[in-house]
Each structure stands twice: as structure tokens, then as C-alpha cells.
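Listing of protein_24.pdb, PDB, C-alpha atoms and all ligand atoms
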MODEL        1
ATOM      1  CA  MET A   1      -6.707 -21.312   6.528
ATOM      2  CA  THR A   2      -6.393 -21.655   2.758
ATOM      3  CA  ILE A   3      -7.768 -19.216   0.195
ATOM      4  CA  GLY A   4     -10.023 -22.083  -0.944
ATOM      5  CA  GLU A   5     -11.500 -22.284   2.559
ATOM      6  CA  VAL A   6     -12.028 -18.515   2.536
ATOM      7  CA  ARG A   7     -13.979 -18.929  -0.682
ATOM      8  CA  THR A   8     -16.155 -21.680   0.791
ATOM      9  CA  LEU A   9     -16.810 -19.861   4.085
ATOM     10  CA  LEU A  10     -17.850 -16.696   2.234
ATOM     11  CA  ASP A  11     -19.819 -18.361  -0.582
ATOM     12  CA  ALA A  12     -17.471 -16.392  -2.778
ATOM     13  CA  ARG A  13     -16.643 -16.535  -6.446
ATOM     14  CA  VAL A  14     -13.007 -16.580  -7.571
ATOM     15  CA  LEU A  15     -12.345 -13.845 -10.147
ATOM     16  CA  CYS A  16      -8.654 -14.537 -10.526
ATOM     17  CA  GLY A  17      -5.992 -16.671  -8.875
ATOM     18  CA  GLU A  18      -7.708 -20.083  -9.146
ATOM     19  CA  GLU A  19      -4.248 -21.608  -8.912
ATOM     20  CA  MET A  20      -3.715 -20.028  -5.491
ATOM     21  CA  LEU A  21      -6.570 -21.723  -3.622
ATOM     22  CA  GLU A  22      -4.193 -24.064  -1.780
ATOM     23  CA  GLN A  23      -2.164 -21.190  -0.379
ATOM     24  CA  THR A  24      -2.392 -20.383   3.305
ATOM     25  CA  VAL A  25      -3.460 -17.060   4.774
ATOM     26  CA  LEU A  26      -2.756 -16.251   8.430
ATOM     27  CA  SER A  27      -4.759 -13.111   9.167
ATOM     28  CA  ALA A  28      -7.295 -10.711   7.728
ATOM     29  CA  CYS A  29      -8.191  -7.043   7.667
ATOM     30  CA  GLY A  30     -11.572  -5.565   6.704
ATOM     31  CA  SER A  31     -11.872  -1.894   5.715
ATOM     32  CA  ASP A  32     -13.120   0.525   3.085
ATOM     33  CA  MET A  33     -10.351   2.957   4.026
ATOM     34  CA  MET A  34      -7.040   2.074   2.420
ATOM     35  CA  SER A  35      -5.397   4.424   4.934
ATOM     36  CA  ASP A  36      -6.392   1.985   7.680
ATOM     37  CA  VAL A  37      -5.199  -1.030   5.754
ATOM     38  CA  LEU A  38      -1.776   0.545   5.219
ATOM     39  CA  ALA A  39      -1.361   0.876   8.970
ATOM     40  CA  PHE A  40      -2.007  -2.875   9.362
ATOM     41  CA  VAL A  41       1.118  -4.981   9.269
ATOM     42  CA  LYS A  42       0.620  -8.676   8.884
ATOM     43  CA  GLU A  43       1.998 -11.170   6.476
ATOM     44  CA  GLN A  44      -0.008 -13.533   4.325
ATOM     45  CA  SER A  45      -3.170 -11.572   4.863
ATOM     46  CA  VAL A  46      -6.561 -11.295   3.286
ATOM     47  CA  LEU A  47      -8.072  -7.878   2.620
ATOM     48  CA  LEU A  48     -11.856  -7.599   2.729
ATOM     49  CA  THR A  49     -13.294  -4.374   1.316
ATOM     50  CA  GLY A  50     -16.366  -2.771  -0.190
ATOM     51  CA  LEU A  51     -14.247  -0.191  -2.009
ATOM     52  CA  VAL A  52     -13.681  -0.780  -5.714
ATOM     53  CA  ASN A  53     -10.805   1.063  -7.375
ATOM     54  CA  PRO A  54      -7.282   0.124  -8.477
ATOM     55  CA  GLN A  55      -5.786   1.486  -5.251
ATOM     56  CA  VAL A  56      -7.302  -1.482  -3.415
ATOM     57  CA  ILE A  57      -5.068  -3.804  -5.428
ATOM     58  CA  ARG A  58      -2.105  -1.411  -5.095
ATOM     59  CA  THR A  59      -2.556  -1.284  -1.329
ATOM     60  CA  ALA A  60      -2.658  -5.079  -1.120
ATOM     61  CA  GLU A  61       0.442  -5.197  -3.313
ATOM     62  CA  MET A  62       2.388  -2.830  -1.037
ATOM     63  CA  MET A  63       1.418  -4.925   1.997
ATOM     64  CA  ASP A  64       2.326  -8.228   0.308
ATOM     65  CA  MET A  65      -1.237  -9.463   0.735
ATOM     66  CA  ARG A  66      -2.268 -12.643  -1.041
ATOM     67  CA  CYS A  67      -5.977 -12.289  -1.423
ATOM     68  CA  VAL A  68      -8.546  -9.509  -1.847
ATOM     69  CA  VAL A  69     -12.232 -10.175  -1.187
ATOM     70  CA  PHE A  70     -14.852  -7.701  -2.409
ATOM     71  CA  VAL A  71     -17.937  -7.752  -0.196
ATOM     72  CA  ARG A  72     -21.593  -6.916  -0.995
ATOM     73  CA  GLY A  73     -21.216  -8.433  -4.458
ATOM     74  CA  LYS A  74     -18.879  -5.687  -5.660
ATOM     75  CA  MET A  75     -17.111  -6.393  -8.941
ATOM     76  CA  PRO A  76     -13.670  -5.077  -9.905
ATOM     77  CA  ASP A  77     -13.056  -4.232 -13.552
ATOM     78  CA  GLU A  78     -10.742  -6.091 -15.896
ATOM     79  CA  ALA A  79      -7.884  -3.590 -15.368
ATOM     80  CA  MET A  80      -7.953  -4.265 -11.627
ATOM     81  CA  LEU A  81      -7.931  -8.007 -12.188
ATOM     82  CA  ALA A  82      -5.010  -7.686 -14.593
ATOM     83  CA  LEU A  83      -3.115  -5.748 -11.930
ATOM     84  CA  ALA A  84      -3.941  -8.420  -9.339
ATOM     85  CA  ARG A  85      -2.798 -11.204 -11.680
ATOM     86  CA  SER A  86       0.500  -9.475 -12.320
ATOM     87  CA  HIS A  87       1.161  -9.527  -8.574
ATOM     88  CA  ASP A  88       0.010 -13.120  -7.987
ATOM     89  CA  MET A  89      -3.001 -12.160  -5.971
ATOM     90  CA  ALA A  90      -6.277 -14.041  -5.718
ATOM     91  CA  VAL A  91      -9.415 -11.891  -6.067
ATOM     92  CA  LEU A  92     -12.789 -13.073  -4.765
ATOM     93  CA  THR A  93     -16.253 -11.546  -4.616
ATOM     94  CA  THR A  94     -18.868 -12.453  -2.012
ATOM     95  CA  PRO A  95     -22.520 -11.395  -1.749
ATOM     96  CA  LEU A  96     -22.083 -11.102   2.048
ATOM     97  CA  ARG A  97     -21.847  -7.791   3.858
ATOM     98  CA  MET A  98     -18.608  -6.778   5.524
ATOM     99  CA  TYR A  99     -19.655  -7.624   9.071
ATOM    100  CA  THR A 100     -20.906 -11.073   8.196
ATOM    101  CA  ALA A 101     -17.954 -11.865   5.956
ATOM    102  CA  CYS A 102     -15.423 -10.860   8.634
ATOM    103  CA  GLY A 103     -17.459 -12.702  11.294
ATOM    104  CA  ARG A 104     -17.434 -15.954   9.383
ATOM    105  CA  LEU A 105     -13.678 -15.876   8.867
ATOM    106  CA  TYR A 106     -12.998 -14.880  12.463
ATOM    107  CA  GLU A 107     -15.244 -17.607  13.803
ATOM    108  CA  ALA A 108     -13.413 -20.141  11.672
ATOM    109  CA  GLY A 109     -10.116 -19.108  13.283
ATOM    110  CA  LEU A 110      -8.699 -16.429  10.996
ATOM    111  CA  LYS A 111      -7.598 -13.658  13.320
ATOM    112  CA  GLY A 112      -7.208  -9.934  12.923
ATOM    113  CA  GLU A 113      -4.656  -7.516  14.270
ATOM    114  CA  ASP A 114      -3.217  -7.866  17.767
ATOM    115  CA  LEU A 115      -3.209  -4.569  19.579
ATOM    116  CA  SER A 116       0.320  -4.226  20.834
TER
ATOM    117  CA  MET B   1      23.128  -6.117   2.804
ATOM    118  CA  THR B   2      26.198  -6.962   0.765
ATOM    119  CA  GLY B   3      26.914  -8.679  -2.467
ATOM    120  CA  ALA B   4      23.371  -8.698  -3.825
ATOM    121  CA  PRO B   5      23.430  -8.665  -7.598
ATOM    122  CA  ALA B   6      22.255  -5.501  -9.296
ATOM    123  CA  PRO B   7      20.523  -5.648 -12.691
ATOM    124  CA  GLU B   8      22.848  -6.558 -15.555
ATOM    125  CA  GLY B   9      25.385  -7.771 -13.006
ATOM    126  CA  ARG B  10      26.330  -4.271 -11.856
ATOM    127  CA  ARG B  11      27.008  -3.726  -8.200
ATOM    128  CA  SER B  12      24.246  -2.128  -6.215
ATOM    129  CA  GLU B  13      26.097   0.893  -4.831
ATOM    130  CA  ALA B  14      24.639   4.324  -5.332
ATOM    131  CA  LEU B  15      21.804   3.161  -7.478
ATOM    132  CA  LYS B  16      19.335   5.920  -8.277
ATOM    133  CA  GLU B  17      15.971   5.903  -9.981
ATOM    134  CA  ARG B  18      13.497   8.679 -10.779
ATOM    135  CA  TYR B  19       9.761   8.435 -11.265
ATOM    136  CA  ILE B  20       7.222  11.005 -12.407
ATOM    137  CA  VAL B  21       4.015  10.976 -10.369
ATOM    138  CA  ASP B  22       1.075  12.117 -12.491
ATOM    139  CA  GLY B  23      -1.240  14.321 -10.448
ATOM    140  CA  ASP B  24      -4.165  13.916 -12.827
ATOM    141  CA  ASP B  25      -4.326  10.158 -12.791
ATOM    142  CA  PHE B  26      -5.621   8.665  -9.556
ATOM    143  CA  GLN B  27      -6.024   5.287 -11.261
ATOM    144  CA  ALA B  28      -2.299   5.105 -12.008
ATOM    145  CA  ALA B  29      -1.171   6.332  -8.590
ATOM    146  CA  GLY B  30       1.129   3.831  -6.942
ATOM    147  CA  SER B  31       2.972   2.898 -10.096
ATOM    148  CA  ALA B  32       6.179   4.561  -8.864
ATOM    149  CA  SER B  33       5.948   2.616  -5.599
ATOM    150  CA  SER B  34       5.288  -0.546  -7.537
ATOM    151  CA  ALA B  35       8.320   0.041  -9.769
ATOM    152  CA  MET B  36      10.481   0.756  -6.726
ATOM    153  CA  LYS B  37       9.328  -2.442  -5.058
ATOM    154  CA  LYS B  38      10.268  -4.437  -8.120
ATOM    155  CA  LEU B  39      13.662  -2.728  -8.300
ATOM    156  CA  LEU B  40      14.476  -3.412  -4.632
ATOM    157  CA  ARG B  41      13.411  -7.016  -5.027
ATOM    158  CA  SER B  42      15.724  -7.424  -8.012
ATOM    159  CA  LEU B  43      18.553  -6.109  -5.840
ATOM    160  CA  GLY B  44      17.932  -8.758  -3.213
ATOM    161  CA  VAL B  45      16.802  -6.362  -0.474
ATOM    162  CA  PRO B  46      15.093  -8.294   2.374
ATOM    163  CA  PRO B  47      11.264  -8.384   2.099
ATOM    164  CA  GLU B  48      10.652  -6.637   5.424
ATOM    165  CA  ALA B  49      12.721  -3.596   4.395
ATOM    166  CA  ILE B  50      11.037  -3.595   0.981
ATOM    167  CA  ARG B  51       7.613  -3.569   2.565
ATOM    168  CA  ARG B  52       8.477  -0.701   4.900
ATOM    169  CA  ALA B  53       9.901   1.315   2.008
ATOM    170  CA  ALA B  54       6.930   0.484  -0.210
ATOM    171  CA  ILE B  55       4.440   1.668   2.412
ATOM    172  CA  CYS B  56       6.374   4.937   2.891
ATOM    173  CA  MET B  57       6.639   5.554  -0.822
ATOM    174  CA  TYR B  58       3.035   4.636  -1.564
ATOM    175  CA  GLU B  59       1.586   6.872   1.170
ATOM    176  CA  GLY B  60       3.797   9.700  -0.099
ATOM    177  CA  GLU B  61       2.855   9.051  -3.700
ATOM    178  CA  ILE B  62      -0.863   9.035  -2.902
ATOM    179  CA  ASN B  63      -0.421  12.273  -0.939
ATOM    180  CA  MET B  64       1.268  13.907  -3.941
ATOM    181  CA  VAL B  65      -1.644  12.875  -6.167
ATOM    182  CA  ILE B  66      -4.505  13.839  -3.846
ATOM    183  CA  HIS B  67      -3.011  16.910  -2.151
ATOM    184  CA  ALA B  68      -0.372  18.337  -4.506
ATOM    185  CA  ASN B  69      -1.255  17.545  -8.123
ATOM    186  CA  GLY B  70       1.652  15.160  -8.572
ATOM    187  CA  GLY B  71       5.408  15.527  -8.471
ATOM    188  CA  GLU B  72       8.599  13.565  -8.655
ATOM    189  CA  ALA B  73       9.913  10.644  -6.670
ATOM    190  CA  GLU B  74      13.514   9.589  -6.411
ATOM    191  CA  VAL B  75      14.836   6.402  -4.891
ATOM    192  CA  ALA B  76      18.469   5.806  -4.048
ATOM    193  CA  PHE B  77      20.047   2.683  -2.615
ATOM    194  CA  ASP B  78      23.663   2.408  -1.481
ATOM    195  CA  GLY B  79      23.560  -1.196  -0.340
ATOM    196  CA  GLU B  80      22.574  -0.272   3.217
ATOM    197  CA  THR B  81      20.027   2.497   3.121
ATOM    198  CA  ILE B  82      17.044   3.137   0.885
ATOM    199  CA  THR B  83      16.488   6.879   0.504
ATOM    200  CA  MET B  84      13.210   8.125  -0.929
ATOM    201  CA  THR B  85      12.695  11.738  -1.891
ATOM    202  CA  LEU B  86       9.250  12.945  -2.883
ATOM    203  CA  ALA B  87       9.076  16.469  -4.247
ATOM    204  CA  ASP B  88       6.034  18.408  -5.415
ATOM    205  CA  SER B  89       5.060  21.991  -6.256
ATOM    206  CA  GLY B  90       1.717  21.761  -4.513
ATOM    207  CA  PRO B  91       0.156  23.973  -1.835
ATOM    208  CA  GLY B  92       2.681  22.957   0.823
ATOM    209  CA  ILE B  93       2.066  21.818   4.393
ATOM    210  CA  PRO B  94       1.768  24.954   6.551
ATOM    211  CA  ASP B  95       2.209  23.123   9.862
ATOM    212  CA  PRO B  96       4.064  19.809   9.430
ATOM    213  CA  GLU B  97       3.874  18.998  13.130
ATOM    214  CA  LEU B  98       0.105  19.222  13.032
ATOM    215  CA  ALA B  99      -0.058  17.256   9.770
ATOM    216  CA  LEU B 100       1.910  14.448  11.420
ATOM    217  CA  ARG B 101      -0.812  13.948  14.014
ATOM    218  CA  GLU B 102      -2.866  10.839  13.520
ATOM    219  CA  GLY B 103      -6.316  11.755  12.219
ATOM    220  CA  TRP B 104      -5.427  15.232  11.003
ATOM    221  CA  SER B 105      -6.522  15.666   7.388
ATOM    222  CA  THR B 106      -7.726  18.307   4.972
ATOM    223  CA  ALA B 107      -9.099  15.659   2.595
ATOM    224  CA  THR B 108     -12.528  16.194   1.066
ATOM    225  CA  ASP B 109     -15.404  13.708   1.018
ATOM    226  CA  ALA B 110     -14.509  12.984  -2.610
ATOM    227  CA  ILE B 111     -11.078  11.788  -1.475
ATOM    228  CA  ARG B 112     -12.589   9.742   1.340
ATOM    229  CA  ASP B 113     -14.849   8.052  -1.210
ATOM    230  CA  LEU B 114     -11.662   6.833  -2.883
ATOM    231  CA  GLY B 115     -10.522   5.171   0.351
ATOM    232  CA  PHE B 116      -8.055   7.809   1.564
ATOM    233  CA  GLY B 117      -8.119  10.874   3.775
ATOM    234  CA  ALA B 118      -8.090   9.471   7.308
ATOM    235  CA  GLY B 119      -5.031  11.479   8.317
ATOM    236  CA  MET B 120      -3.021   8.308   8.762
ATOM    237  CA  GLY B 121      -0.492   8.608   5.932
ATOM    238  CA  LEU B 122       2.198  10.876   7.355
ATOM    239  CA  PRO B 123       2.219   9.111  10.765
ATOM    240  CA  ASN B 124       2.460   5.801   8.930
ATOM    241  CA  MET B 125       5.391   7.090   6.859
ATOM    242  CA  LYS B 126       7.117   8.181  10.052
ATOM    243  CA  ARG B 127       6.503   4.806  11.683
ATOM    244  CA  ASN B 128       7.802   2.791   8.747
ATOM    245  CA  SER B 129      10.899   4.861   8.036
ATOM    246  CA  ASP B 130      14.053   5.196  10.105
ATOM    247  CA  GLU B 131      14.251   8.897   9.377
ATOM    248  CA  MET B 132      11.820  11.344   7.838
ATOM    249  CA  THR B 133      12.049  15.042   7.142
ATOM    250  CA  ILE B 134       9.348  17.317   5.786
ATOM    251  CA  ASP B 135      10.560  20.418   4.041
ATOM    252  CA  SER B 136       7.637  22.546   2.983
ATOM    253  CA  THR B 137       6.889  26.131   2.093
ATOM    254  CA  ALA B 138       3.266  27.205   1.958
ATOM    255  CA  GLY B 139       2.289  27.986  -1.613
ATOM    256  CA  GLN B 140       5.482  26.532  -3.082
ATOM    257  CA  GLY B 141       5.587  22.845  -2.435
ATOM    258  CA  THR B 142       6.761  20.014  -0.281
ATOM    259  CA  THR B 143       9.775  17.746  -0.243
ATOM    260  CA  ILE B 144       9.649  14.695   1.972
ATOM    261  CA  THR B 145      12.753  12.578   2.488
ATOM    262  CA  MET B 146      12.595   9.172   4.118
ATOM    263  CA  THR B 147      15.215   6.540   4.752
ATOM    264  CA  VAL B 148      14.825   2.845   5.441
ATOM    265  CA  ARG B 149      17.876   0.929   6.606
ATOM    266  CA  VAL B 150      18.149  -2.567   5.240
TER
HETATM  267  N1  LIG C 201       2.368  16.490  -0.519
HETATM  268  C1  LIG C 201       1.491  17.229   0.185
HETATM  269  N2  LIG C 201       1.181  18.502  -0.215
HETATM  270  C2  LIG C 201       0.307  19.241   0.488
HETATM  271  N3  LIG C 201      -0.314  18.834   1.602
HETATM  272  C3  LIG C 201      -0.057  17.592   2.052
HETATM  273  C4  LIG C 201       0.850  16.723   1.368
HETATM  274  N4  LIG C 201       0.915  15.559   2.064
HETATM  275  C5  LIG C 201       0.097  15.703   3.113
HETATM  276  N5  LIG C 201      -0.490  16.917   3.123
HETATM  277  C6  LIG C 201      -1.405  17.472   4.146
HETATM  278  O1  LIG C 201      -1.228  16.778   5.361
HETATM  279  C7  LIG C 201      -2.459  16.171   5.758
HETATM  280  C8  LIG C 201      -2.172  14.850   6.436
HETATM  281  O2  LIG C 201      -1.607  13.919   5.499
HETATM  282  P1  LIG C 201      -1.785  12.360   5.741
HETATM  283  O3  LIG C 201      -1.157  11.635   4.638
HETATM  284  O4  LIG C 201      -1.336  12.060   7.130
HETATM  285  O5  LIG C 201      -3.377  12.183   5.728
HETATM  286  P2  LIG C 201      -4.376  12.198   4.472
HETATM  287  O6  LIG C 201      -3.608  12.096   3.202
HETATM  288  O7  LIG C 201      -5.267  13.355   4.610
HETATM  289  O8  LIG C 201      -5.194  10.858   4.717
HETATM  290  P3  LIG C 201      -4.636   9.339   4.553
HETATM  291  O9  LIG C 201      -3.166   9.422   4.392
HETATM  292  O10 LIG C 201      -5.046   8.659   5.803
HETATM  293  O11 LIG C 201      -5.304   8.785   3.361
HETATM  294  C9  LIG C 201      -3.267  16.062   4.488
HETATM  295  O12 LIG C 201      -4.651  15.989   4.730
HETATM  296  C10 LIG C 201      -2.859  17.338   3.760
HETATM  297  O13 LIG C 201      -3.536  18.455   4.288
HETATM  298 MG    MG C 202      -2.141  10.558   3.031
ENDMDL
END
Take the structure in the file and give it back as C-alpha cells.
Amino acid sequence: MTIGEVRTLLDARVLCGEEMLEQTVLSACGSDMMSDVLAFVKEQSVLLTGLVNPQVIRTAEMMDMRCVVFVRGKMPDEAMLALARSHDMAVLTTPLRMYTACGRLYEAGLKGEDLS
Amino acid sequence: MTGAPAPEGRRSEALKERYIVDGDDFQAAGSASSAMKKLLRSLGVPPEAIRRAAICMYEGEINMVIHANGGEAEVAFDGETITMTLADSGPGIPDPELALREGWSTATDAIRDLGFGAGMGLPNMKRNSDEMTIDSTAGQGTTITMTVRV
């Protein structure tokens, strides 16, 4: 799935990383706890979260994630977007709630973590 | 990993870098991990090893900020092993074995509101490193050393 398709499925707005919409993402992780996200190891992932602080972007950076989606219409500030830009990350915001946002992506074929 | 170019064409042996971790600035937490990531990338370290090291360092850095009022981080790379040393003068970890258990945390609700405090950090550091030692004295501070082999 491309980041552009993520945007369409979630009725999301692109806050930065317009030029990355063609890029492919292979999995996703939804959480408000960065602790949980850091225990999730998948490449080319999307992070969905309702938490808004710079550590969301830092966490995505450490995990080499490509795209962060803020749910429930949450808006990051300019400093967070600048941080995301400097790490070539796309940032989206969707009015959907977490459950619905994750459900739409999952239904469209974007999988989560395998329990192994 | 051999022959990867170091910055300014130097060889990569015994490279060492130090970072100050500000305990009063939650917003800036992670900047040492970010700088380390950039450094390792410039040395040509494989992405998988970089990610493991970055997760270890970041969890440790966040712990120093939220539990120990900051400290110092040191990264060394000898071409084969990344060694991270995180030292603080915080309250210490009275029972490291207990602290290493998944879900064990002394974090407050205020910390949880910031997205941390699930008691997952130390176990995650252990999982992502090849070796990890916790050296801590209650009331005096904690030094955590982790290695990641490239
Ligand atoms: N540098 C430190 N100084 C003092 N205490 C620490 C330090 N690092 C960890 N601890 C203690 O060990 C506990 C477990 O740490 P761990 O990183 O596993 O979980 P956490 O930080 O509470 O939550 P999470 O990492 O999931 O956000 C902490 O709650 C804290 O009591
Ligand atoms: Mg922690």
C-alpha cells in the first residue's frame, strides 16, 4: 500500500511529505504508548497515534518508520513537522478514531505485527 | 564490518562520541540517539544494527530523562561492536532484576500521558542488545552498558 492510499482510506490530510505519497508501506502499528511502539519491529511501517509530542516523531525515527498518522484530528506543531521533514517522514492527520482508522487500513490489506 | 569510511576519511576504529542528556527537557529527549544514528549511518554500519542500537539508546535516554534527571551517554564503535554507556546520578534502580521484568514501572500518570511508563524499556533494551549490564547504587545513580555487534 502506498502512503497516498493510506491518505485516501483515512480521509486524511497530508501535513508534510507530499513528495512521499508514492512510497510503499508494508505494515502498521497503532498506539498511544511509545513504549509499545518501540517493541514493534517492522520495516516500512506506518505509526497511527493519538499522542501529540515530539517523542512520537523521535520514536518513528528510531524505528525507521516512513509515515505517522495522527488520529482524532490531532495536530502536531511546527517543531514536530520540522523534525519529521528532517527525517524524510510523511505526517498525516485524520478525523477518524484509532479503531476505525486501524480497521480501514487492515481491511485494505495492511497488516500488523505477527505474533512469533 | 570492515573498510567503511569514517568521517573526514579517517578509519572507523575506536571511534568515541559523548552526548549530554538534559534531564529538564523532555521535548529534546532523543537527540543523543538521533545523533548516534546519524553517526553510525555515516560510518556505513548496516541498517539493522543501527536500528537495534538506536532503540537501545533511545529507551535508555528516555529513562534518564524521566527517571533520573538526565545524564551522559557515550557511544564507541571499533568496527565490529557498538558500545553504549548511559550514566546518570539519579535515584538508582534498587532491584535491577525486578526492573527488567516486562510491565514493571514506577512511572507516574504524568509520564504515561507523555506516552511512556509501560515498563517495557529495559526488557526492550535487553532484547535489542547483545549484552547489557546494569550497574546501580540506590541514591547514587545508574550506569547501563549495552553492546550491539554489527
Ligand atoms: N536511569 C534510571 N534511573 C532510575 N530508575 C530507572 C532508570 N531506568 C529505569 N528505571 C526504573 O526501572 C523501571 C523500569 O524501566 P523501563 O524502562 O523498563 O520502564 P518505564 O521507563 O517505566 O516505562 P517504558 O520504558 O515502557 O516507557 C522504571 O519505571 C524505573 O523505576
Ligand atoms: Mg523506560
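Using the PyMOL selection byres (((chain B and resi 115-121) around 7) and not hetatm) on the file at hand returns these residues: Asp32, Met33, Met34, Ser35 and Leu51 of chain A; Glu59, Glu102, Gly103, Trp104, Ser105, Ala107, Ile111, Arg112, Asp113, Leu114, Leu122, Pro123, Asn124 and Met125 of chain B.
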What is the atom CA of A:Arg13-atom CA of A:Leu92 distance in Å, reported with one decimal?
5.4 Å
Quick one: pull the distance between atom CA of A:Asn53 and atom CA of B:Ser42, Å, one decimal.
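Separation of atom CA of A:Asn53 and atom CA of B:Ser42: 27.9 Å.
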Show me, as a list of chain:residue names, every residue of chain A with an atom at most 9 Å from chain B, counting all atoms listed in the file.
A:Ser31, A:Asp32, A:Met33, A:Met34, A:Ser35, A:Asp36, A:Leu38, A:Ala39, A:Leu51, A:Val52, A:Asn53, A:Pro54, A:Gln55, A:Val56, A:Arg58, A:Thr59, A:Glu61, A:Met62, A:Met63, A:Asp64
For the file shown, what are the residues hit by the PyMOL selection byres (((chain B and resi 93) around 7) and not hetatm), laid out as a PDB file with C-alpha atoms, keeping the file's coordinate frame?
ATOM      1  CA  PRO B  91       0.156  23.973  -1.835  1.00  0.00           C
ATOM      2  CA  GLY B  92       2.681  22.957   0.823  1.00  0.00           C
ATOM      3  CA  PRO B  94       1.768  24.954   6.551  1.00  0.00           C
ATOM      4  CA  ASP B  95       2.209  23.123   9.862  1.00  0.00           C
ATOM      5  CA  PRO B  96       4.064  19.809   9.430  1.00  0.00           C
ATOM      6  CA  SER B 136       7.637  22.546   2.983  1.00  0.00           C
ATOM      7  CA  THR B 137       6.889  26.131   2.093  1.00  0.00           C
ATOM      8  CA  ALA B 138       3.266  27.205   1.958  1.00  0.00           C
ATOM      9  CA  THR B 142       6.761  20.014  -0.281  1.00  0.00           C
TER      10      THR B 142
END
Using all atoms listed in the file - which residues lie no farther than 12 Å from the point (-18.7, -9.9, 3.6) in the file's frame? Write them as a ChimeraX atom specification.
/A:6-7,9-12,29-32,47-50,68-74,92-106
Could you dump the residues just selected with C-alpha atoms as an mmCIF file, keeping the file's coordinate frame?
data_model
loop_
_atom_site.group_PDB
_atom_site.id
_atom_site.type_symbol
_atom_site.label_atom_id
_atom_site.label_comp_id
_atom_site.auth_asym_id
_atom_site.auth_seq_id
_atom_site.Cartn_x
_atom_site.Cartn_y
_atom_site.Cartn_z
ATOM 1 C CA VAL A 6 -12.028 -18.515 2.536
ATOM 2 C CA ARG A 7 -13.979 -18.929 -0.682
ATOM 3 C CA LEU A 9 -16.810 -19.861 4.085
ATOM 4 C CA LEU A 10 -17.850 -16.696 2.234
ATOM 5 C CA ASP A 11 -19.819 -18.361 -0.582
ATOM 6 C CA ALA A 12 -17.471 -16.392 -2.778
ATOM 7 C CA CYS A 29 -8.191 -7.043 7.667
ATOM 8 C CA GLY A 30 -11.572 -5.565 6.704
ATOM 9 C CA SER A 31 -11.872 -1.894 5.715
ATOM 10 C CA ASP A 32 -13.120 0.525 3.085
ATOM 11 C CA LEU A 47 -8.072 -7.878 2.620
ATOM 12 C CA LEU A 48 -11.856 -7.599 2.729
ATOM 13 C CA THR A 49 -13.294 -4.374 1.316
ATOM 14 C CA GLY A 50 -16.366 -2.771 -0.190
ATOM 15 C CA VAL A 68 -8.546 -9.509 -1.847
ATOM 16 C CA VAL A 69 -12.232 -10.175 -1.187
ATOM 17 C CA PHE A 70 -14.852 -7.701 -2.409
ATOM 18 C CA VAL A 71 -17.937 -7.752 -0.196
ATOM 19 C CA ARG A 72 -21.593 -6.916 -0.995
ATOM 20 C CA GLY A 73 -21.216 -8.433 -4.458
ATOM 21 C CA LYS A 74 -18.879 -5.687 -5.660
ATOM 22 C CA LEU A 92 -12.789 -13.073 -4.765
ATOM 23 C CA THR A 93 -16.253 -11.546 -4.616
ATOM 24 C CA THR A 94 -18.868 -12.453 -2.012
ATOM 25 C CA PRO A 95 -22.520 -11.395 -1.749
ATOM 26 C CA LEU A 96 -22.083 -11.102 2.048
ATOM 27 C CA ARG A 97 -21.847 -7.791 3.858
ATOM 28 C CA MET A 98 -18.608 -6.778 5.524
ATOM 29 C CA TYR A 99 -19.655 -7.624 9.071
ATOM 30 C CA THR A 100 -20.906 -11.073 8.196
ATOM 31 C CA ALA A 101 -17.954 -11.865 5.956
ATOM 32 C CA CYS A 102 -15.423 -10.860 8.634
ATOM 33 C CA GLY A 103 -17.459 -12.702 11.294
ATOM 34 C CA ARG A 104 -17.434 -15.954 9.383
ATOM 35 C CA LEU A 105 -13.678 -15.876 8.867
ATOM 36 C CA TYR A 106 -12.998 -14.880 12.463
#
For atom CA of A:Cys67 and atom CA of A:Ala108, quote the distance in Å rounded to one decimal.
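Between these atoms lies a distance of 17.0 Å.
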Closest of B:Arg101, B:Arg18, B:Lys126, B:Arg149 to B:Ala32 - atom-to-atom distances counting all atoms listed in the file
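For B:Ala32, the nearest of the given residues is B:Arg18.
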I need the output of the PyMOL selection byres (((chain A and resi 25) around 6) and not hetatm) for this file as a ChimeraX atom specification; which residues are they?
/A:1-2,24,26,44-45
I need the residue nearest ligand LIG 201 (chain C) from this list: A:Gly17, A:Val37, A:Ala60, A:Lys111. Use only C-alpha atoms and all ligand atoms for the distance.
A:Val37
Would you please work out which residue, of A:Glu5, A:Glu19, A:Ile57, A:Ala28, is nearest to A:Leu83 when using all atoms listed in the file?
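Closest residue, counting all atoms listed in the file: A:Ile57.
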I want to know what sits within 8 Å of A:Met20, based on all atoms listed in the file, with residues of the same chain fewer than 3 positions away left out; could you give that as a PyMOL selection string?
chain A and resi 3+17+23+89-90
Please, could you write that set of residues out with C-alpha atoms as a tab-separated table (two decimals), in the coordinates of the input?
chain	number	residue	atom	x	y	z
A	3	ILE	CA	-7.77	-19.22	0.20
A	17	GLY	CA	-5.99	-16.67	-8.88
A	23	GLN	CA	-2.16	-21.19	-0.38
A	89	MET	CA	-3.00	-12.16	-5.97
A	90	ALA	CA	-6.28	-14.04	-5.72
Can you work out which one of B:Met132, B:Ala110, B:Ile66, B:Ala76 has the shortest atom-to-atom distance to ligand LIG 201 (chain C), counting all atoms listed in the file?
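Closest residue, counting all atoms listed in the file: B:Ile66.
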Which is closer to ligand LIG 201 (chain C) than all the others in B:Glu17, B:Asp88, B:Glu74, B:Asp25, using all atoms listed in the file?
B:Asp88
